[in-house]
Each structure stands twice: as C-alpha cells, then as structure tokens.
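Asker: First, the structure itself, so that you have it in front of you.
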Amino acid sequence: MNDFALPFDQWLAQAVASVESTLDVYLPTEDEEPALLHEAMRYAVLGPGKRVRAALVYASGLACQSSLDTEHFKALSLATSAVELIHAYSLVHDDLPCMDNDELRRGRPTCHIKYGEAMALLAADALQPLAFKQLSQMPIAPALVIQAIDILSSAAGSHGMVGGQVIDVCHVGQQLSLTQLQQMHRMKTGAMIEGSVLLGAISSGANSEVRQALEDYAAAIGLAFQVVDDILDVTVDSQSLGKTAGKDEQSHKPTYVSLMGLENSKTFVNQLYQTALAALLPLGPQAQRLRELADFIIRRHY
C-alpha cells in the first residue's frame with residue numbers, strides 16, 4: 001500500500017483486496033445464527049464493487065503519512081470496512097420497492113430480489129451498527145476514535161446521506177435549481193465521500209491544515225462523482241453499469257443532465273476535477289493516490 005512506484009491499477013487492486021479481506025473477517029459467517037440474515041449481509045457487502053470510498057480512506061491516510069506502520073494500517077483497514085458497510089446498507093435500501101425499486105445491483109440481483117424485502121431490510125439494518133463497531137476497534141487514541149465515529153455518523157445521517165435521499169425522494173418529478181441539486185448531492189453522495197477522506201486523515205493523525213486541504217478536495221470530488229453518475233445513467237448500458245441504466249429518467253428524478261444538459265454536465269465535472277487537484281497542491285507528492293483516484297472517478301465508465 002505504501003509503494004508509490006506501483007501503477008495505479010495495481011495499487012487500487014491491492015486496496016480493494018485489502019478491504020474485502022477485512023470485511024470477510026469481520027462480517028458474521030453464514031453458519032452463525034441467524035444464518036439467513038448473515039448470508040444476506042455478506043451478499044450485500046461482498047459482491048463486486050469499485051470500493052472507491054475505501055480506496056479514498058487508504059489514499060487519504062497515505063497523503064498524511066507516506067509510511068504506514070502496522071497499527072496505522074489496521075486503523076485504516078477498519079475505517080475502510082466501516083465506510084463500505086454504510087455504503088452497502090444504503091444500496092440495499094436504495095433498491096427496495098419503496099425507494100428506487102431496482103432489480104439489478106453490481107451486476108447481480110438486488111438483495112431484496114434474492115432474499116425478500118424483509119430480510120434485505122434487516123440485513124441492511126444490521127450492517128449499519130457493525131460499521132461503528134469497526135471504528136470503535138481502531139488502534140488509535142480514544143479521542144481520535146470519537147472523532148471518527150462523529151465523522152461517519154454525520155456523513156451517513158440526516159444532515160448527510162439520508163438527508164440527501166429524503167430531498168431526492170421528495171422531489172421526484174419536480175424541477176430543482178442548480179443550487180438545490182448541488183445541495184442534495186453534496187448530502188446524498190458527497191457527504192460519504194468527504195467522510196471517507198476525513199476518516200483516512202483522522203486515522204493517520206493529520207493536522208488541521210492537512211485536514212482542510214483534504215476537505216476541499218473531497219467536497220469537489222464528491223460532487224463530481226455524482227455528476228459522473230448522472231452522465232453514465234444516460235450514456236452507458238445496464239450491463240456495463242452493473243445496475244439499471246436510464247433509471248433516473250424513467251423515475252423522473254432531477255439530475256445534472258436533465259438540468260444542465262449532457263455537454264454542460266461534462267464541463268462541470270472537469271471544473272470540479274481541477275478544483276480537487278488544486279486543493280491537493282499543499283500536500284505534494286504524498287497525495288499522488290488521491291490525484292489518481294480523482295482521475296479514476298471522472299473517467300470511469302461504470
């Protein structure tokens with residue numbers, strides 16, 4: 001994880017393998033009772049995924065401390081598993097009939113299609129507290145553990161991801177201003193991306209100046225992530241996306257493409273990308289992986 005000479009694709013593959021290994025260890029096994037619940041939890045979490053939020057935790061940690069000892073790496077690994085657990089629970093809820101009513105996620109049947117609505121709901125509910133248990137076990141100063149729990153709970157709660165989802169649900173079929181749309185997505189998607197970056201900083205003992213630079217980077221790249229999602233929803237097929245393409249338009253949801261148009265949305269993404277890179281300038285070469293992740297986020301095709 002510390003080898004900056006490693007090509008980005010190989011580094012990202014290592015990061016993905018690391019978080020999936022951690023998740024495999026800390027998730028309940030399928031032979032533990034209630035077995036069906038644990039099977040559904042593992043299905044929701046361990047399926048194929050980009051693990052961008054987890055990679056951001058690792059990259060942020062490296063930007064703060066280029067040489068990670070065993071304890072720091074364990075702290076980062078627990079933080080990565082925490083953000084992935086929260087992300088997985090949110091996806092299960094997103095796909096339920098009362099929300100997006102989707103049947104495809106990460107190229108597989110959604111959790112409620114495979115296990116039924118009740119079991120999917122309960123599996124997602126069980127993933128959320130497990131995330132905070134991961135943070136409680138980080139081998140860092142207790143004050144930093146509290147900060148980490150505060151960051152993740154804020155990012156995932158009513159002023160973050162869930163609040164953004166509420167705005168989304170309440171405005172289906174309605175036109176939002178650009179300011180309103182940005183606020184929705186800063187909460188719905190951006191908050192968890194910002195939280196991931198800050199968890200990496202906290203786990204590595206970053207000072208306030210470094211944290212501010214990382215916050216500015218995360219705010220820009222978190223919004224860019226959602227704009228790219230909106231673009232992909234109208235330009236890429238379902239097989240490539242791993243989820244149902246065109247779902248936002250079918251559901252009459254407000255998006256950047258519907259508000260700004262496709263070309264203006266692409267221009268906006270590039271502006272956000274440049275803002276993110278500028279924020280990292282004070283961090284020098286140690287922020288290499290964060291720069292590469294910004295590039296990955298805006299150029300991805302799924």
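The way I read the labels, and the way they are meant: chains A, B, ... in the order of the structure tokens, residue 1 as the first residue of every chain, and ligand 1 as the first ligand shown, with later ones counted on from there.
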Go through range 128-185 of chain A and collect every residue that DSSP, computed from the backbone, puts in alpha helix (DSSP H); the answer should be as a ChimeraX atom specification.

Answerer: /A:128-136,142-156,161-170,178-185

Asker: Skipping near chain neighbours, those fewer than 5 positions away, what residues fall within 10 Å of Ser154 in chain A using only C-alpha atoms, listed as a PyMOL selection string?

Answerer: chain A and resi 148-149+159-162+191-192+195

Asker: Output the selection as an mmCIF file, in the first residue's frame - N, CA, C and O atoms for each residue.

Answerer:
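result.cif written:
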data_model
loop_
_atom_site.group_PDB
_atom_site.id
_atom_site.type_symbol
_atom_site.label_atom_id
_atom_site.label_comp_id
_atom_site.auth_asym_id
_atom_site.auth_seq_id
_atom_site.Cartn_x
_atom_site.Cartn_y
_atom_site.Cartn_z
ATOM 1 N N ALA A 148 -13.674 9.951 14.688
ATOM 2 C CA ALA A 148 -14.013 9.108 13.539
ATOM 3 C C ALA A 148 -15.487 8.714 13.562
ATOM 4 O O ALA A 148 -16.176 8.761 12.531
ATOM 5 N N ILE A 149 -15.986 8.330 14.735
ATOM 6 C CA ILE A 149 -17.395 7.963 14.862
ATOM 7 C C ILE A 149 -18.287 9.161 14.560
ATOM 8 O O ILE A 149 -19.316 9.036 13.890
ATOM 9 N N HIS A 159 -28.188 14.960 8.147
ATOM 10 C CA HIS A 159 -27.528 16.098 7.519
ATOM 11 C C HIS A 159 -26.557 15.654 6.418
ATOM 12 O O HIS A 159 -25.825 16.464 5.868
ATOM 13 N N GLY A 160 -26.548 14.362 6.149
ATOM 14 C CA GLY A 160 -25.668 13.807 5.135
ATOM 15 C C GLY A 160 -26.443 12.913 4.182
ATOM 16 O O GLY A 160 -27.440 13.329 3.583
ATOM 17 N N MET A 161 -26.006 11.661 4.061
ATOM 18 C CA MET A 161 -26.536 10.749 3.057
ATOM 19 C C MET A 161 -28.047 10.565 3.143
ATOM 20 O O MET A 161 -28.757 10.681 2.131
ATOM 21 N N VAL A 162 -28.567 10.289 4.324
ATOM 22 C CA VAL A 162 -30.006 10.045 4.459
ATOM 23 C C VAL A 162 -30.798 11.310 4.156
ATOM 24 O O VAL A 162 -31.837 11.265 3.482
ATOM 25 N N ALA A 191 -21.320 13.610 0.976
ATOM 26 C CA ALA A 191 -21.026 13.532 2.406
ATOM 27 C C ALA A 191 -20.245 12.274 2.759
ATOM 28 O O ALA A 191 -19.297 12.315 3.552
ATOM 29 N N MET A 192 -20.617 11.147 2.164
ATOM 30 C CA MET A 192 -19.901 9.906 2.474
ATOM 31 C C MET A 192 -18.520 9.876 1.852
ATOM 32 O O MET A 192 -17.582 9.304 2.414
ATOM 33 N N GLY A 195 -16.565 12.059 4.090
ATOM 34 C CA GLY A 195 -16.318 11.314 5.319
ATOM 35 C C GLY A 195 -15.219 10.285 5.164
ATOM 36 O O GLY A 195 -14.392 10.091 6.059
#

Asker: If we count only C-alpha atoms and set the cut-off at 10 Å, which residues sit around range 21-32 of chain A, ignoring sequence neighbours fewer than 6 positions away in its own chain? Please answer as a PyMOL selection string.

Answerer: chain A and resi 15+38-42+45-46+74+77-78+80-82+84-85+127+130-131+133-134

Asker: May I have the residues within 12 Å of range 280-287 of chain A as a tab-separated table (two decimals) with N, CA and C atoms, in the first residue's frame, using only C-alpha atoms and disregarding those fewer than 4 positions away in the same chain?

Answerer:
chain	number	residue	atom	x	y	z
A	2	ASN	N	2.10	1.18	0.47
A	2	ASN	CA	2.97	2.36	0.59
A	2	ASN	C	3.81	2.62	-0.66
A	3	ASP	N	3.75	1.70	-1.63
A	3	ASP	CA	4.65	1.78	-2.78
A	3	ASP	C	4.08	2.74	-3.82
A	4	PHE	N	4.60	3.99	-3.85
A	4	PHE	CA	4.10	4.99	-4.79
A	4	PHE	C	4.58	4.71	-6.21
A	5	ALA	N	5.56	3.83	-6.37
A	5	ALA	CA	6.03	3.49	-7.72
A	5	ALA	C	5.11	2.50	-8.41
A	56	LEU	N	-10.37	5.76	-1.10
A	56	LEU	CA	-10.14	7.14	-0.65
A	56	LEU	C	-9.63	7.19	0.79
A	58	TYR	N	-7.74	4.87	2.26
A	58	TYR	CA	-6.32	4.50	2.19
A	58	TYR	C	-5.48	5.63	1.59
A	59	ALA	N	-5.96	6.22	0.49
A	59	ALA	CA	-5.19	7.27	-0.18
A	59	ALA	C	-5.04	8.50	0.70
A	60	SER	N	-6.08	8.83	1.43
A	60	SER	CA	-6.00	9.96	2.36
A	60	SER	C	-5.01	9.68	3.47
A	61	GLY	N	-5.03	8.44	3.98
A	61	GLY	CA	-4.07	8.07	5.00
A	61	GLY	C	-2.64	8.19	4.52
A	62	LEU	N	-2.40	7.78	3.27
A	62	LEU	CA	-1.06	7.88	2.69
A	62	LEU	C	-0.66	9.34	2.46
A	63	ALA	N	-1.62	10.19	2.15
A	63	ALA	CA	-1.32	11.61	1.95
A	63	ALA	C	-0.88	12.28	3.24
A	64	CYS	N	-1.31	11.71	4.36
A	64	CYS	CA	-0.95	12.27	5.66
A	64	CYS	C	0.31	11.64	6.23
A	65	GLN	N	0.57	10.39	5.82
A	65	GLN	CA	1.71	9.67	6.40
A	65	GLN	C	2.15	8.62	5.39
A	66	SER	N	3.20	8.92	4.64
A	66	SER	CA	3.58	8.09	3.50
A	66	SER	C	4.04	6.69	3.90
A	67	SER	N	4.52	6.53	5.12
A	67	SER	CA	4.96	5.22	5.59
A	67	SER	C	4.04	4.76	6.71
A	197	VAL	N	-12.62	10.40	3.09
A	197	VAL	CA	-11.34	11.10	3.06
A	197	VAL	C	-10.93	11.55	4.46
A	201	ALA	N	-7.67	10.70	7.12
A	201	ALA	CA	-6.86	11.72	7.76
A	201	ALA	C	-6.82	11.53	9.26
A	206	ALA	N	-3.65	13.45	10.98
A	206	ALA	CA	-3.40	14.67	10.21
A	206	ALA	C	-3.67	15.92	11.04
A	207	ASN	N	-2.89	16.98	10.79
A	207	ASN	CA	-3.14	18.24	11.48
A	207	ASN	C	-4.27	19.00	10.79
A	209	GLU	N	-4.40	21.84	9.11
A	209	GLU	CA	-4.15	22.37	7.77
A	209	GLU	C	-4.31	21.28	6.71
A	210	VAL	N	-3.77	20.10	7.00
A	210	VAL	CA	-3.90	18.99	6.06
A	210	VAL	C	-5.37	18.57	5.93
A	211	ARG	N	-6.08	18.54	7.05
A	211	ARG	CA	-7.49	18.18	7.01
A	211	ARG	C	-8.29	19.15	6.14
A	212	GLN	N	-7.97	20.43	6.24
A	212	GLN	CA	-8.70	21.42	5.45
A	212	GLN	C	-8.47	21.20	3.96
A	213	ALA	N	-7.23	20.92	3.59
A	213	ALA	CA	-6.93	20.64	2.18
A	213	ALA	C	-7.70	19.41	1.71
A	214	LEU	N	-7.77	18.40	2.56
A	214	LEU	CA	-8.47	17.18	2.20
A	214	LEU	C	-9.98	17.41	2.13
A	215	GLU	N	-10.51	18.23	3.01
A	215	GLU	CA	-11.94	18.57	2.95
A	215	GLU	C	-12.28	19.25	1.64
A	216	ASP	N	-11.43	20.20	1.22
A	216	ASP	CA	-11.68	20.92	-0.04
A	216	ASP	C	-11.62	19.96	-1.23
A	217	TYR	N	-10.66	19.07	-1.21
A	217	TYR	CA	-10.55	18.04	-2.26
A	217	TYR	C	-11.80	17.17	-2.28
A	218	ALA	N	-12.19	16.70	-1.12
A	218	ALA	CA	-13.31	15.76	-1.04
A	218	ALA	C	-14.63	16.40	-1.44
A	220	ALA	N	-15.09	18.71	-3.67
A	220	ALA	CA	-15.12	18.81	-5.14
A	220	ALA	C	-15.29	17.44	-5.79
A	221	ILE	N	-14.51	16.47	-5.33
A	221	ILE	CA	-14.56	15.17	-6.00
A	221	ILE	C	-15.83	14.41	-5.64
A	273	TYR	N	-13.04	18.62	-11.08
A	273	TYR	CA	-11.79	17.87	-11.09
A	273	TYR	C	-10.60	18.80	-10.88
A	274	GLN	N	-10.58	19.92	-11.58
A	274	GLN	CA	-9.49	20.89	-11.43
A	274	GLN	C	-9.47	21.49	-10.03
A	275	THR	N	-10.63	21.74	-9.47
A	275	THR	CA	-10.72	22.26	-8.10
A	275	THR	C	-10.15	21.25	-7.11
A	276	ALA	N	-10.46	19.98	-7.32
A	276	ALA	CA	-9.95	18.93	-6.43
A	276	ALA	C	-8.43	18.85	-6.49
A	291	ARG	N	-4.85	12.05	-6.22
A	291	ARG	CA	-4.94	12.62	-7.57
A	291	ARG	C	-5.38	11.55	-8.57
A	292	GLU	N	-4.78	10.37	-8.43
A	292	GLU	CA	-5.13	9.28	-9.34
A	292	GLU	C	-6.58	8.84	-9.16
A	293	LEU	N	-7.05	8.86	-7.93
A	293	LEU	CA	-8.44	8.50	-7.69
A	293	LEU	C	-9.39	9.53	-8.26
A	294	ALA	N	-9.01	10.80	-8.19
A	294	ALA	CA	-9.83	11.84	-8.82
A	294	ALA	C	-9.95	11.59	-10.31

Asker: I'd like the neighbourhood of range 180-186 of chain A as a VMD selection string, where a residue qualifies if any of its atoms comes within 9 Å (using only C-alpha atoms), though same-chain residues fewer than 5 positions away should be ignored.

Answerer: chain A and resid 160 to 161 163 to 168 191 to 192 219 222 to 223 226 to 227 254 to 256 259

Asker: Tell me which of A:Ser204, A:Ser177, A:Ser196, A:Ser90 sits closest to Ala141 in chain A, counting only C-alpha atoms.

Answerer: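 Ranked by minimum distance to Ala141 in chain A, first place goes to A:Ser204.
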
Asker: Given the choices A:Arg53, A:His171, A:His72, A:Lys114, which gets closest to Ser203 in chain A if the distance is worked out from only C-alpha atoms?

Answerer: A:His72

Asker: Could you pull out the strand (DSSP E) residues of range 21-240 of chain A, going by DSSP on the backbone, and write them as a list in words?

Answerer: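 DSSP-assigned strand (DSSP E) residues in range 21-240 of chain A: Leu104, Arg105, Arg108 and Pro109 of chain A.
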
Asker: Please report the interatomic distance between CA of Arg105 in chain A and CA of Ala88 in chain A in Å with one decimal.

Answerer: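 Answer for the CA of Arg105 in chain A to CA of Ala88 in chain A separation: 10.6 Å.
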
Asker: Quick one: residues within 9 Å of Leu91 in chain A, only C-alpha atoms, excluding same-chain residues fewer than 6 positions away - as a ChimeraX atom specification?

Answerer: /A:44,105,110,124

Asker: Could you dump the residues just selected with C-alpha atoms as an mmCIF file, in the first residue's frame?

Answerer:
data_model
loop_
_atom_site.group_PDB
_atom_site.id
_atom_site.type_symbol
_atom_site.label_atom_id
_atom_site.label_comp_id
_atom_site.auth_asym_id
_atom_site.auth_seq_id
_atom_site.Cartn_x
_atom_site.Cartn_y
_atom_site.Cartn_z
ATOM 1 C CA ALA A 44 -24.919 -7.263 0.097
ATOM 2 C CA ARG A 105 -27.027 -4.052 -8.430
ATOM 3 C CA THR A 110 -30.532 -6.884 -5.725
ATOM 4 C CA ALA A 124 -29.063 -3.564 5.811
#

Asker: With only C-alpha atoms as the atoms that count, which of A:Leu76, A:Ile298, A:Leu232, A:Ile151 lies nearest to Gln271 in chain A?

Answerer: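 Selected residue with least distance to Gln271 in chain A: A:Ile298.
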